[in-house]
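Reviewing the structure listed below.
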Amino acid sequence: MALRSTVVEAPDIAGRLSWFTQVREFCQQRPLGAIGAVVVIVNILVGIGANIIAPYDPLATDYGAMLAPPSAAHWLGTDAFGRDVLSRIIYGSWTAMLVGFACAFFGATIGAVIGVTSAYFAGRVDLLIQRIMDIFLAFPLIILALAVVSILGTGVSNVIMAITIPMIPRAALVARSSALAIREMPYVDAARAAGFRHRRIILRHMLPNVMAPYLIMLTAYLGQAILAEASLTFLGLGVSEPTPAWGLMLRGAAVQFAEAAPWMAIFPGLAISLAVFAFNLFGDSLRDALDPRLRAQ
Amino acid sequence: MAKYIVKRLLLMIPTLLGVAVLIFFLMRVVPGDIVELRFAGESAFAQKENLDKERARLGLDRPLWEQFVTWMLGILRLDFGTSMWTGAPIIEEIKLRATLSFQLAVMATAIAVALAIPLGVVAALKQDTWVDYAVRIFSIAGLATPSFWLGIVFILGMLIIFKWLPPMVYTPFWVDPWQNMLQLVWPALAVGYRYSAVATRMTRSSMLEVLREDYIRTARAKGLWEKLILSRHALKNAMLPVLTVVALEFAFLMGGLVVTEQVFNLNGLGMLFVESVARRDYTLTQALVMLVAFVFIFVNFTVDLMYAWIDPRIRFR
Amino acid sequence: MTDRGGCRLDGPVRMLAIVLALAVSAVSARAQDKPRYGGELIFAVPSEMPSYDGHREGTFGMVHPLAPHYSTLLRVDPNDRTGTKVVSDVAESWVISPDGRVYTLKLRRSVKFHDGSEMTSRDVKASYDKIVFPPPNVGSQRKGQYTNVEAIEAPDAWTIVFRLKWPQASFLASLASPYNWIYSANILAKDVRWYEKNVMGTGPFVFVEHVKGSHWVGKKNPNYWDKGRPYLDGYRAIFMKDSAAQVAAVRAERAHIQFRGFSPAERDSLVGALGRKITVQESAWDCAAWVAINQDRKPFDDKRVRRAMTLALDRHQASQALSKIAVVKEVAGVQVPGTPYATPPDELEKLAGYGRDIKKSRAEARRLLREAGVPDGFAFTFTNRGVPMPYEPVGIWLIDQWRQIGLNATMVTIEASQHVTELRAGNFTVSSDAQCGYAVEPDLDLAKFQSKEISHNNYGRYTDQVLDELYQKQSRALDSEERKRYVREFERRLLDEQVHTFVTLQWHRIVPHNARVKGWTITPSHYLNQQLDTVWLTE
């Protein structure tokens, strides 16, 4: 299907300004995006340093302190098994970042490669790849996720696969429409005439120019992947207990005790919302920043 | 133009066929057996011969290719078969739920559009001011909150504060519009708010493009309202990507609202989907997937037609 | 009262006043206990039935909306909390021959089907033939329970006779099965599968409508054989899959009751919100959380390892802790605590894993593991069923308990439909399992643990002839004390000597309902007591 395609100048984007200056400009011009980026970085650091930061073992049960409200001992309270909510959220950050980045990276990248390849070769190859992408696009997410989980079992790597697969055709679509515009440019023809191999042309000339939409997709998918993991886990198809994961913390006991022990549901929900919010803010601002470069000459 | 239409129509067929093949084999590869589930469940006396009898009755013991061909031939006759779980014709199972899902999708889309276009336009007109920031934060907040969390909070809030609950049973709109709206307006708002985020963003960036046109920039001196009036013609073109996004999301709303339906207790296609997959009811799942895929492909087709009509270059590609 | 007038008549007037007051209060108290006619009972049902045929299906999603339309020969006393006492339904009396092999039942004469036709022994025989000797294309889910039946005879219009191959203590309970609905012989003769899609019985309520995915409606049967019943004008069952939605409905007083049960948290939130408007009935459930161990996989073929696994569990602590968050509570053996054949708690404590000294049990568990050559930190997968309550909390607890003796279990959750298949196929090492019976009866509750050659649901894949013999002995023992002895021996061999499998905790049934609902008594089985003829609503 046809999306509004955008054209980018061929030469490299890493321009004259230094990297540091660009970042500073970004923060000054787009404060929202900067805030988003900061939150994302904090999330990543917390996830990586979970071992050091978390006050308790996320799996340690304590039947003497079940459903305890927030206190000095447990800053965010405990859940139905007496496990510390704060520690589980911290460790859950690791799972969320892992799932988010893995899905977004693989989904956007594989999708971009397929999309660009499809645009480059055009003709029958394009038609075929388009059909296959259409088939997966038309497929409901739930079914694909269920199939993956049922065949391969639950667990982080399988959840990543279940979420990545529906992302690929969408990324391919966007990448393809960007690449279609470039294909017609003279320097691509020149490269072909010069006898460069297909792979080289695709990788060295076409891919860099879909960099902008690619980056935008990446940040958009980060947020979506985290939400998708939460939804899948809520339905019972994602990661399973006792792994600390934000989506997992929102189902079962959290819903039942929503009135008696609201901290069980509130904090993981806030964690998810904050992370997705931050990713989206950053992605939005990134698109705005890259926008001027995308304008047609 | 006619040639373009025919070409696109023909292209729908391999896609549908691909979906059919994929769902057929995917369901059968996934382990689990409807007969086991129904008769073994939590009871102790299920015997193997009973289970085999049942499998034969459902046609599960026939070779795979035969099952596939039978199903395909049935579809060509518009006979979608019977549900393996209840034995009732699939059309009957789907009818009522599809009505609810369709209505919910329409309402959610309407709310999304009603929110997105004014908000997006305003955000574009006042770019980089606090109005712009407020709109962006508002719409992204909708995108960021998990829908089931929102639903749970909503129902609990209703109960605790107002001691009130939406109607538990679905009444079609033409039977009792008030009860119908009372049940569906809340999930429609929740879903519509989430989907407005994408459309708002799209509207905003399209509007920004339009505003950069020279003839609009020169109207600077005349003020904002002038800008809006001048740009209304260009707006039509700018709305295209927005409509594309909205149309695609609509296709996704049919059968995709699994979690929302569960939380608001709605008898829709999403719940039916989850149940049929959980029970390994092959015929019902297959029919549902084909329905959803068809809606998606049809919407895609309509959007393509719209683009081709507006941009003649595409027709001759 | 003036001094003069009151004094003179004071004594007798006061006596009269007191007597009157007592009389009035006695009358009004009885008036409160006296069933009131009218009203529609609204209840939530968590799952919907696949077909309408009780002989074929097993789910409670079918029993709850459909049972009120039908009668059975005998039934479990609706007022009996243990769910074991058998009383009459459409069979008004019965005689068992001295050798225990012939059951003769006399039918009531005033029973009519909802279409007006009279019910006779011909209908009973046709229905039971369908259950016990089903035609080739008809499924009968509990056929395996009736292999003992040799013949079913209807010598005259009001008598039905069952001849058994050998005496069976539980046969009377089988006749009281909540699934053995009496169908019309004429209809079965025309189309033996008619009842899968249609409803027509002799029960207290007549079928009105069923909207798929939405609701089921029944209304009072004016010609019910039990004159004066039912009390309700009708009932409405609403299908609600999500438990939070069910709780919300009861809380907003849109639904009166949900018959299967709620979790402790849900009960607490309802009581907290509605206070005296909610009555809570609780009972041990005829379901228990078992652990299946695949003895085809090393080192679980070694009974020392299995014994260690059960010794590691602190059941008494779990009973206190888990009962706050999950629908499990009682520490039990193979029978529902509080029922006739259940082992009393002090005797139960002698079995492995039931003792009070957990430190000692765990020390012995570690010793057994060392002896069996299992290294510390040994890892294995624990397969759990993908149903949140109570499988998830029990699973988390099990993994935690096994960690305490150096066993490293990883939980893998599998969808329900897949779980049964995997269990049967033996694609697991250790798994959660539930043993649920529709009535409290050792024949039903113990059948599955017999050797794999006999029981298709023997997930442990073991053969144990001693166990099989004990099962047969208890099944044929007509003297209840003798039967108790055999059941205890069975339990000891299963849970203690051989540890083929073990039970963690008994499920706990909690039904909080609107205080207006009267006449419904909770039993351990959520399949029993669902005809609703004794239920009434106060004003």
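By order of appearance in the structure tokens: chains A, B, ..., then residues from 1 within every chain, and ligands from 1 in the order shown.
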Next item on the list: Would you mind listing what lies within 7 Å of Ala365 in chain C as number ranges by chain, with only C-alpha atoms counted and same-chain residues fewer than 6 positions away left out?
Entry: C: 308, 311-312, 405
Mind dumping the selected residues with N, CA and C atoms as a PDB file, in the first residue's frame?
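Contents of part-v6.pdb, as written:
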ATOM      1  N   ALA C 308      11.142 -37.473  49.495  1.00  0.00           N
ATOM      2  CA  ALA C 308      11.787 -36.213  49.880  1.00  0.00           C
ATOM      3  C   ALA C 308      10.945 -35.030  49.419  1.00  0.00           C
ATOM      4  N   LEU C 311       8.115 -34.575  51.769  1.00  0.00           N
ATOM      5  CA  LEU C 311       8.557 -34.180  53.108  1.00  0.00           C
ATOM      6  C   LEU C 311       8.922 -32.707  53.168  1.00  0.00           C
ATOM      7  N   ALA C 312       9.332 -32.139  52.020  1.00  0.00           N
ATOM      8  CA  ALA C 312       9.780 -30.742  52.018  1.00  0.00           C
ATOM      9  C   ALA C 312       8.644 -29.759  52.234  1.00  0.00           C
ATOM     10  N   ILE C 405      15.063 -27.614  50.178  1.00  0.00           N
ATOM     11  CA  ILE C 405      15.825 -28.857  50.335  1.00  0.00           C
ATOM     12  C   ILE C 405      16.816 -29.015  49.190  1.00  0.00           C
TER      13      ILE C 405
END
Check: Which residues of chain B are close to chain C, meaning at most 9 Å apart when you count only C-alpha atoms, and how do they look as a PyMOL selection string?
Finding: chain B and resi 30-34+36-48+50-51+53-54+57+84-88+92-93+96-97+152+155-156+159-160+163-165+167-170+262-268+271-272+278-280
Store the residues picked out above, limited to C-alpha atoms, as a PDB file, in the first residue's frame.
ATOM      1  CA  VAL B  30       0.080 -26.248  18.137  1.00  0.00           C
ATOM      2  CA  PRO B  31      -0.241 -29.098  20.648  1.00  0.00           C
ATOM      3  CA  GLY B  32      -3.546 -29.609  22.402  1.00  0.00           C
ATOM      4  CA  ASP B  33      -6.713 -31.445  21.608  1.00  0.00           C
ATOM      5  CA  ILE B  34     -10.299 -30.229  21.841  1.00  0.00           C
ATOM      6  CA  GLU B  36      -9.182 -34.189  25.477  1.00  0.00           C
ATOM      7  CA  LEU B  37     -10.095 -30.844  26.919  1.00  0.00           C
ATOM      8  CA  ARG B  38     -13.806 -31.418  26.725  1.00  0.00           C
ATOM      9  CA  PHE B  39     -13.928 -34.913  28.048  1.00  0.00           C
ATOM     10  CA  ALA B  40     -10.870 -35.242  30.222  1.00  0.00           C
ATOM     11  CA  GLY B  41     -10.980 -31.829  31.853  1.00  0.00           C
ATOM     12  CA  GLU B  42     -11.248 -32.341  35.562  1.00  0.00           C
ATOM     13  CA  SER B  43     -13.027 -35.695  35.538  1.00  0.00           C
ATOM     14  CA  ALA B  44     -11.495 -39.123  35.847  1.00  0.00           C
ATOM     15  CA  PHE B  45     -13.546 -41.433  33.700  1.00  0.00           C
ATOM     16  CA  ALA B  46     -12.816 -40.404  30.125  1.00  0.00           C
ATOM     17  CA  GLN B  47     -12.084 -43.510  28.107  1.00  0.00           C
ATOM     18  CA  LYS B  48      -9.975 -43.756  25.039  1.00  0.00           C
ATOM     19  CA  ASN B  50     -15.030 -42.280  23.747  1.00  0.00           C
ATOM     20  CA  LEU B  51     -12.331 -39.860  22.739  1.00  0.00           C
ATOM     21  CA  LYS B  53     -15.385 -41.696  18.654  1.00  0.00           C
ATOM     22  CA  GLU B  54     -15.557 -37.998  19.194  1.00  0.00           C
ATOM     23  CA  ARG B  57     -17.225 -37.382  14.506  1.00  0.00           C
ATOM     24  CA  MET B  84     -16.203 -28.090  17.089  1.00  0.00           C
ATOM     25  CA  TRP B  85     -17.013 -27.103  20.628  1.00  0.00           C
ATOM     26  CA  THR B  86     -20.763 -26.468  20.446  1.00  0.00           C
ATOM     27  CA  GLY B  87     -21.759 -28.066  17.158  1.00  0.00           C
ATOM     28  CA  ALA B  88     -23.714 -24.953  16.217  1.00  0.00           C
ATOM     29  CA  GLU B  92     -24.748 -18.332  14.427  1.00  0.00           C
ATOM     30  CA  GLU B  93     -21.822 -18.207  16.844  1.00  0.00           C
ATOM     31  CA  LEU B  96     -24.183 -11.539  17.687  1.00  0.00           C
ATOM     32  CA  ARG B  97     -20.586 -11.053  18.734  1.00  0.00           C
ATOM     33  CA  ILE B 152      -9.843  -2.259  35.898  1.00  0.00           C
ATOM     34  CA  ILE B 155     -14.747  -0.426  36.846  1.00  0.00           C
ATOM     35  CA  LEU B 156     -13.408  -0.292  40.369  1.00  0.00           C
ATOM     36  CA  LEU B 159     -18.191   0.697  41.911  1.00  0.00           C
ATOM     37  CA  ILE B 160     -16.515   2.409  44.806  1.00  0.00           C
ATOM     38  CA  LYS B 163     -21.825   2.211  43.258  1.00  0.00           C
ATOM     39  CA  TRP B 164     -22.841   1.696  39.656  1.00  0.00           C
ATOM     40  CA  LEU B 165     -22.034  -0.842  36.965  1.00  0.00           C
ATOM     41  CA  PRO B 167     -25.253  -3.245  31.889  1.00  0.00           C
ATOM     42  CA  MET B 168     -23.936  -6.801  31.950  1.00  0.00           C
ATOM     43  CA  VAL B 169     -25.875  -8.073  28.941  1.00  0.00           C
ATOM     44  CA  TYR B 170     -25.653  -6.774  25.397  1.00  0.00           C
ATOM     45  CA  GLN B 262     -12.392  -9.277  29.025  1.00  0.00           C
ATOM     46  CA  VAL B 263     -12.143  -6.390  31.453  1.00  0.00           C
ATOM     47  CA  PHE B 264     -15.457  -4.780  30.476  1.00  0.00           C
ATOM     48  CA  ASN B 265     -17.137  -8.171  30.146  1.00  0.00           C
ATOM     49  CA  LEU B 266     -18.262  -7.705  26.559  1.00  0.00           C
ATOM     50  CA  ASN B 267     -19.541 -10.566  24.445  1.00  0.00           C
ATOM     51  CA  GLY B 268     -17.463  -9.723  21.402  1.00  0.00           C
ATOM     52  CA  MET B 271     -13.338 -13.066  23.656  1.00  0.00           C
ATOM     53  CA  LEU B 272     -14.669 -15.574  21.163  1.00  0.00           C
ATOM     54  CA  ALA B 278      -7.914 -22.029  24.079  1.00  0.00           C
ATOM     55  CA  ARG B 279     -10.302 -24.845  23.235  1.00  0.00           C
ATOM     56  CA  ARG B 280      -8.548 -25.699  19.989  1.00  0.00           C
TER      57      ARG B 280
END
Check: What's the 8 Å shell around range 183-191 of chain A, counting only C-alpha atoms, without same-chain residues fewer than 6 positions away, as number ranges by chain?
Finding: A: 119-120, 201, 205-206
Those residues with N, CA and C atoms, as a compact mmCIF listing (two decimals), in the first residue's frame please?
# COMPACT_ATOMS: atom_id res chain seq x y z
N ALA A 119 11.76 -3.24 -2.23
CA ALA A 119 11.67 -2.06 -3.08
C ALA A 119 12.75 -2.08 -4.14
N TYR A 120 13.93 -2.53 -3.75
CA TYR A 120 15.05 -2.50 -4.68
C TYR A 120 14.81 -3.41 -5.87
N ILE A 201 24.79 -2.33 -2.89
CA ILE A 201 23.95 -1.15 -3.13
C ILE A 201 22.92 -1.01 -2.03
N HIS A 205 23.99 2.05 0.14
CA HIS A 205 23.36 3.27 -0.40
C HIS A 205 21.93 3.46 0.00
N MET A 206 21.18 2.37 0.01
CA MET A 206 19.76 2.55 0.28
C MET A 206 19.44 2.54 1.76
Margin query: Can you pull out every residue from range 275-346 of chain C that DSSP, working from the backbone, puts in helix (DSSP H, G or I), and format the result as a PyMOL selection string?
Written below: chain C and resi 275-277+303-311+315-325+345-346
For chain A versus chain B, which residues have an atom no more than 7 Å away, and what is each residue's nearest atom pair and distance in Å rounded to one decimal, using only C-alpha atoms, chain-then-number order, as JSON lines?
{"residue": "A:Met1", "atom": "CA", "partner": "B:Asp304", "partner_atom": "CA", "distance": 6.2}
{"residue": "A:Ala2", "atom": "CA", "partner": "B:Asp304", "partner_atom": "CA", "distance": 7.0}
{"residue": "A:Arg131", "atom": "CA", "partner": "B:Thr15", "partner_atom": "CA", "distance": 5.8}
{"residue": "A:Asp134", "atom": "CA", "partner": "B:Thr15", "partner_atom": "CA", "distance": 6.5}
{"residue": "A:Ile135", "atom": "CA", "partner": "B:Thr15", "partner_atom": "CA", "distance": 5.5}
{"residue": "A:Ala138", "atom": "CA", "partner": "B:Ala293", "partner_atom": "CA", "distance": 4.7}
{"residue": "A:Phe139", "atom": "CA", "partner": "B:Ala293", "partner_atom": "CA", "distance": 6.2}
{"residue": "A:Pro140", "atom": "CA", "partner": "B:Gly256", "partner_atom": "CA", "distance": 6.8}
{"residue": "A:Ala147", "atom": "CA", "partner": "B:Val30", "partner_atom": "CA", "distance": 6.1}
{"residue": "A:Ser150", "atom": "CA", "partner": "B:Val30", "partner_atom": "CA", "distance": 5.9}
{"residue": "A:Ile151", "atom": "CA", "partner": "B:Val30", "partner_atom": "CA", "distance": 5.5}
{"residue": "A:Leu227", "atom": "CA", "partner": "B:Pro146", "partner_atom": "CA", "distance": 6.4}
{"residue": "A:Gly269", "atom": "CA", "partner": "B:Trp149", "partner_atom": "CA", "distance": 6.9}
{"residue": "A:Ser273", "atom": "CA", "partner": "B:Ala144", "partner_atom": "CA", "distance": 4.9}
{"residue": "A:Val276", "atom": "CA", "partner": "B:Ala144", "partner_atom": "CA", "distance": 5.1}
{"residue": "A:Phe277", "atom": "CA", "partner": "B:Ala144", "partner_atom": "CA", "distance": 5.1}
{"residue": "A:Asn280", "atom": "CA", "partner": "B:Ile140", "partner_atom": "CA", "distance": 6.8}
Saved selection, atoms kept: C-alpha atoms, as a tab-separated table (two decimals), in the first residue's frame:
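Result written to out.tsv:
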chain	number	residue	atom	x	y	z
A	1	MET	CA	0.00	0.00	0.00
A	2	ALA	CA	1.17	3.49	-0.62
A	131	ARG	CA	1.90	-10.79	-0.46
A	134	ASP	CA	0.19	-8.81	3.77
A	135	ILE	CA	-0.59	-12.27	5.04
A	138	ALA	CA	-3.77	-9.53	8.30
A	139	PHE	CA	-3.08	-12.10	10.98
A	140	PRO	CA	-4.31	-11.26	14.46
A	147	ALA	CA	1.10	-20.25	18.32
A	150	SER	CA	2.29	-23.01	22.49
A	151	ILE	CA	4.90	-24.55	20.26
A	227	LEU	CA	2.90	-2.93	26.21
A	269	GLY	CA	1.15	-0.06	36.12
A	273	SER	CA	3.14	3.69	31.68
A	276	VAL	CA	6.24	3.62	27.38
A	277	PHE	CA	5.51	7.29	27.85
A	280	ASN	CA	7.14	7.74	22.95
Margin query: I need the chain A residues near chain C as number ranges by chain; criterion: at most 7 Å, counting only C-alpha atoms.
Written below: A: 63, 80, 154, 236, 240-242, 252, 256-257
Item checked: Pick from A:Leu286, A:Leu86, A:Leu137, A:Ile182, whichever lies nearest to Asp57 in chain A using only C-alpha atoms -> A:Leu86
Margin query: So that I can check the surroundings of Gly77 in chain A, please list as a list in words every protein, DNA and RNA residue that reaches within 9 Å of it, counting only C-alpha atoms and ignoring chain neighbours fewer than 6 positions away.
Written below: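 The residues satisfying every condition are Leu67, Ala68, Pro69, Pro70, Ser71, Arg83, Asp84, Val85, Leu86, Ala261, Trp263 and Met264 of chain A.
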Check: Can you list every residue in range 81-269 of chain C that DSSP puts in strand (DSSP E), as number ranges by chain?
Finding: C: 86-88, 91-96, 102-107, 149-156, 159-164, 205-211, 215-220, 234-239, 257-258
Please provide as an mmCIF file with C-alpha atoms, in the first residue's frame all residues within 10 Å of Met200 in chain C, with the sequence filter that same-chain residues fewer than 4 positions apart are discarded (counting only C-alpha atoms).
data_model
loop_
_atom_site.group_PDB
_atom_site.id
_atom_site.type_symbol
_atom_site.label_atom_id
_atom_site.label_comp_id
_atom_site.auth_asym_id
_atom_site.auth_seq_id
_atom_site.Cartn_x
_atom_site.Cartn_y
_atom_site.Cartn_z
ATOM 1 C CA HIS C 69 -34.709 -28.238 33.923
ATOM 2 C CA TYR C 70 -34.199 -31.879 34.797
ATOM 3 C CA PHE C 113 -42.337 -33.687 31.256
ATOM 4 C CA HIS C 114 -42.474 -30.039 30.283
ATOM 5 C CA ASP C 115 -44.312 -30.975 27.107
ATOM 6 C CA ILE C 182 -34.154 -38.358 32.863
ATOM 7 C CA TYR C 183 -34.940 -37.821 29.211
ATOM 8 C CA SER C 184 -38.086 -38.664 27.290
ATOM 9 C CA ILE C 187 -37.699 -38.303 21.860
ATOM 10 C CA TRP C 194 -31.817 -34.471 20.211
ATOM 11 C CA TYR C 195 -30.866 -33.480 23.738
ATOM 12 C CA VAL C 206 -38.928 -24.723 32.127
ATOM 13 C CA PHE C 207 -36.501 -23.529 29.453
#
Check: So how far away is CA of Ile168 in chain A from CA of Phe136 in chain A, in Å?
Finding: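 Taking CA of Phe136 in chain A as the start and CA of Ile168 in chain A as the end point, the length is 8.8 Å.
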Margin query: So that I can check the surroundings of Gln103 in chain B, please list as a VMD selection string every protein, DNA and RNA residue that reaches within 10 Å of it, counting only C-alpha atoms and ignoring chain neighbours fewer than 3 positions away.
Written below: chain B and resid 97 to 100 106 to 109 172 to 173 180 184 188 254
